[in-house]
Every structure is written in structure tokens, then in C-alpha cells.
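Quick notes on the structure that follows.
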Amino acid sequence: MPVSSATTESPTPAGPRDVVIARPLRVLAWLSFLAEVLIIGTGGAVRLTGSGLGCSDWPLCTPESLVPILEVQGIHGAIEFGNRTMTGLVGLLALGVLMLTLHAVSGRRLVVRAVWFAVGGIVLAIGVYIAASALSVVASAALMSAALLFAVLVGMVDSLRRTTVRRDLAVLAWLVLVGVMAQAVVGGFAVISELNPFIVGFHYASSLLLVCVTALFLVRLDAVPGPRERAVPVWFAALTHITGLALVLTILFGVLTTGSGPHSGDVNIKREGFDASILAHVHSWPGYVLAALVLALAISAWLLALPPRRWLLVLIIAILVQVAVGVLQARTGLPPVLVGVHMLLASLSAAAYTVVVTKLKKPVGTTNPCAGA
């Protein structure tokens, strides 16, 4: 049977009916993942070059201008504004992935409803901004963003209630869009709070989580939907989740270490409360445990021919490079380039671990001799 030019890819099996995953959706999904990784790099550049307050206001760069005035803000304003522009690109990609996903699982029906919710959200946000400005509310821009985010959340609930096919894809696509919008608000609070280290750290951790969600979306595009069952021995699954805990702790202490170190995001921002040198050692402990656990998992997976073995190889390479970069940056005085590489590698390690977890189960009925081990 001929396939229309709009959907040139072979259909992905689904429950009640086949869902055709078209090439544009695949391309945008990959671009969304890459953009989520890249924005961690641009965000790191903002912090590592001391450009965190290059734009002194939000959502405008200055109280008088949307864009930086190079004669006033200089290179720091350009770097900070570049990161904000990247946020806009990430949001557009997330929106494109969502619309194509809704079209794939329901045709025009859910797309049209989502557009109406978007229009209603924009009208609501403008109304809130006008009212707040008339009342001289200082946080009028923040209230406008909150109103728009609220409308998107309501639209997400409405859409998911009406999704009957490949709800997994719809959930992930909505989560990315909501996450990007929430990230913009968190970024605004980071500026308003003059780079509070906890808000900045949360901003980074949230970006890393979005990298994992976009990676999971890519995996689910080609996954067989429906019930799943364990594809690895119980002990292997348990050890994999313990490894995830070690990864979380490593990233958490890494965020605290960076937040207490010399790269505060602005030369005038001084960190107090934690000793960065002590935190650097604490950060390394779960890092070494993580490397040992991943190595044990990778050896076991290859010996037993378990499904996650290839992605565990990717993960162990990422972790080992991460450890090497961490040791090198600690011994060379935390050069900004190495700190930035360390941040990017953390996001890629988390994404690889996310894929590993998806390989612990298989669709019900698939033959796997390890399932009952």
C-alpha cells in the first residue's frame, strides 16, 4: 500500500491502531534532544564567563531594552542574551515535537484543541500582565509567565485525558514543553535573586532532567507499546537502580560544589556557607562508587548477554571520561573550559543511564532467556 509523502517512515506498532512516526517528528525529536544538551553548554558559558548578570532584568535584558546594549553590557550581555535566545529555540522545538506527536496519535483533533488552549493562554497572560502593570505590581512579568504556564498545564491535562493511543509519547512531549516553560521562569528568578546558588543549581539540574526526558522520548519512538516485563535478573535490575542513586548523588554534590566554587556567574557574587574544597572531595566519593557500579554492570551484562549491554558500554565510557575530567580540573585550578566539559558530560551520562533503564524490560511475549533468571 503506498504511503503518503508526509509520512515516509514505516509505522511503529501500537495498540488499537498503527501510529505512523513521520520523518519530521524524528528529526525534531533529535534536534530537541541536542538543543537541550546545547543549552546546558550555553548556560555553563554564562556562568563560567561571569555573565550571569549580563542582562540585569527579566524577561527584558534591561528595564528599557529586550536586547543587550553592547556599549553598556558588553560581551557579558551578549553571552547572557545568547543563552536566553537558545531558550526560545528549545521552546519552539519542544512545541514542534508536541504538535507532531499529537497529530501522529490523534490526527488534527488534539492539535486543534492544543492550539485553542495556546491562544487562550496567550490572551490570559497578556491580561494578567496589563492588570499587574496597572496595579504597579513589580513581578508583573513573572505573573504573566505563570499565567501562561498554568494555561499550558490545563491544556496538557485536557489533551492527555483524550489520548487513547501512544499516551507515553504524548506525556513525554507535554512534559518537555512544560519543563522548558518552567525553566524560563526559574531562570528569571535566578536573575532576580542575583544568582542565588540554590536557584542556579536547581536551574542546571532541571535542564539535565529535560535532557533525560528528551532521550527517553527518542527511545520510546521505536518502542513497542503495551505491557512490559522484566528482561534481566532481579539482582541486575536492583543494582542498576542503586547505580542510579549513585549518579543522582554525584550530580547533586557536583552542583553544590560548583555553586560554592569560584565560578559563581558574576565577579561581584561571592559564595558563602559551604567549603568548596571539602565539597569537591565529597563529590568525588559517589563518583568513584558510580564508576565501579557501572563497570560491574557492564561486565555482567556482556557475560550474560543482557539487553542493556551496549548502552552500558556507552555509559561506562562517559563516566570514565567524566572522572578523568573531574580529576584534571581539580588539579589544574578549575579552568572554565574543563568545568564546562564536566557539566556537559554529566548530562550525557544521565541520558545514557536513562536509556539503560529502558532496556531492563521488554514487551510481554518477547523471547528472552534471561527474563526468568
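Each chain of the C-alpha cells is named A, B, ... in the order shown, its residues numbered from 1; ligands are numbered from 1 in display order.
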
Can you write out as CSV which residues of region 82-161 of chain A fall within 6 Å of region 173-196 of chain A, alongside each residue's closest atom pair and its distance in Å to one decimal, counting only C-alpha atoms and ordering rows by chain and ascending residue number?
residue,atom,partner,partner_atom,distance
A:Gly91,CA,A:Val180,CA,6.0
A:Ala94,CA,A:Leu177,CA,5.2
A:Leu98,CA,A:Ala173,CA,5.0

Identify, on the basis of only C-alpha atoms, every residue whose closest approach to Val255 (chain A) does not exceed 8 Å; exclude the query and any residue fewer than 5 positions from it along the same chain; express the result as a ChimeraX atom specification.
/A:201,204-205

Residue among A:Ala237, A:Ile21, A:Ala125, A:Leu303 lying closest to Ala141 (chain A), counting only C-alpha atoms
A:Ala125

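Using only C-alpha atoms for every distance, the candidate list A:Thr101, A:Thr49, A:Ser65, A:Thr358 yields A:Thr49 as the residue closest to Glu80 (chain A).
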
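In this model, the gap between CA of Leu169 (chain A) and CA of Gly244 (chain A) comes to 23.2 Å.
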
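Of the residues under consideration (A:Arg23, A:Leu60, A:Leu153, A:Thr163), A:Thr163 shows the shortest atom-to-atom contact distance to Val111 (chain A) when counting only C-alpha atoms.
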
Nearest-residue call for Ala231 (chain A), choices A:Gly287, A:Gly107, A:Gly127, A:Pro363, using only C-alpha atoms
A:Pro363

Record the distance separating CA of Val323 (chain A) and CA of Val248 (chain A), expressed in Å with one decimal.
15.0 Å

Near-region 113-119 of chain A list (8 Å; only C-alpha atoms; drop same-chain fewer than 5 positions) as a VMD selection string
chain A and resid 151 to 152 155 159

For the residues in that selection, give me N, CA and C atoms as an mmCIF file, in the first residue's frame.
data_model
loop_
_atom_site.group_PDB
_atom_site.id
_atom_site.type_symbol
_atom_site.label_atom_id
_atom_site.label_comp_id
_atom_site.auth_asym_id
_atom_site.auth_seq_id
_atom_site.Cartn_x
_atom_site.Cartn_y
_atom_site.Cartn_z
ATOM 1 N N ALA A 151 -1.972 27.859 31.824
ATOM 2 C CA ALA A 151 -2.799 27.505 30.670
ATOM 3 C C ALA A 151 -2.253 26.263 29.971
ATOM 4 N N VAL A 152 -0.933 26.164 29.875
ATOM 5 C CA VAL A 152 -0.323 25.001 29.239
ATOM 6 C C VAL A 152 -0.575 23.742 30.066
ATOM 7 N N GLY A 155 -4.038 22.682 29.432
ATOM 8 C CA GLY A 155 -4.096 22.070 28.112
ATOM 9 C C GLY A 155 -3.513 20.670 28.103
ATOM 10 N N SER A 159 -5.525 17.332 27.072
ATOM 11 C CA SER A 159 -5.037 16.531 25.954
ATOM 12 C C SER A 159 -4.813 15.077 26.366
#

Apply DSSP to the backbone of this structure and, from region 94-308 of chain A, keep only the residues in alpha helix (DSSP H); write these as a ChimeraX atom specification.
/A:94-106,108-134,140-161,167-192,197-221,234-260,276-304

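For the pair CA of Pro307 (chain A) and CA of Val232 (chain A), the interatomic distance is 7.7 Å.
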
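Distances from A:Ser56, A:Ser207, A:Thr42, A:Thr164 to Asn83 (chain A) were compared using only C-alpha atoms, and the smallest one belongs to A:Thr42.
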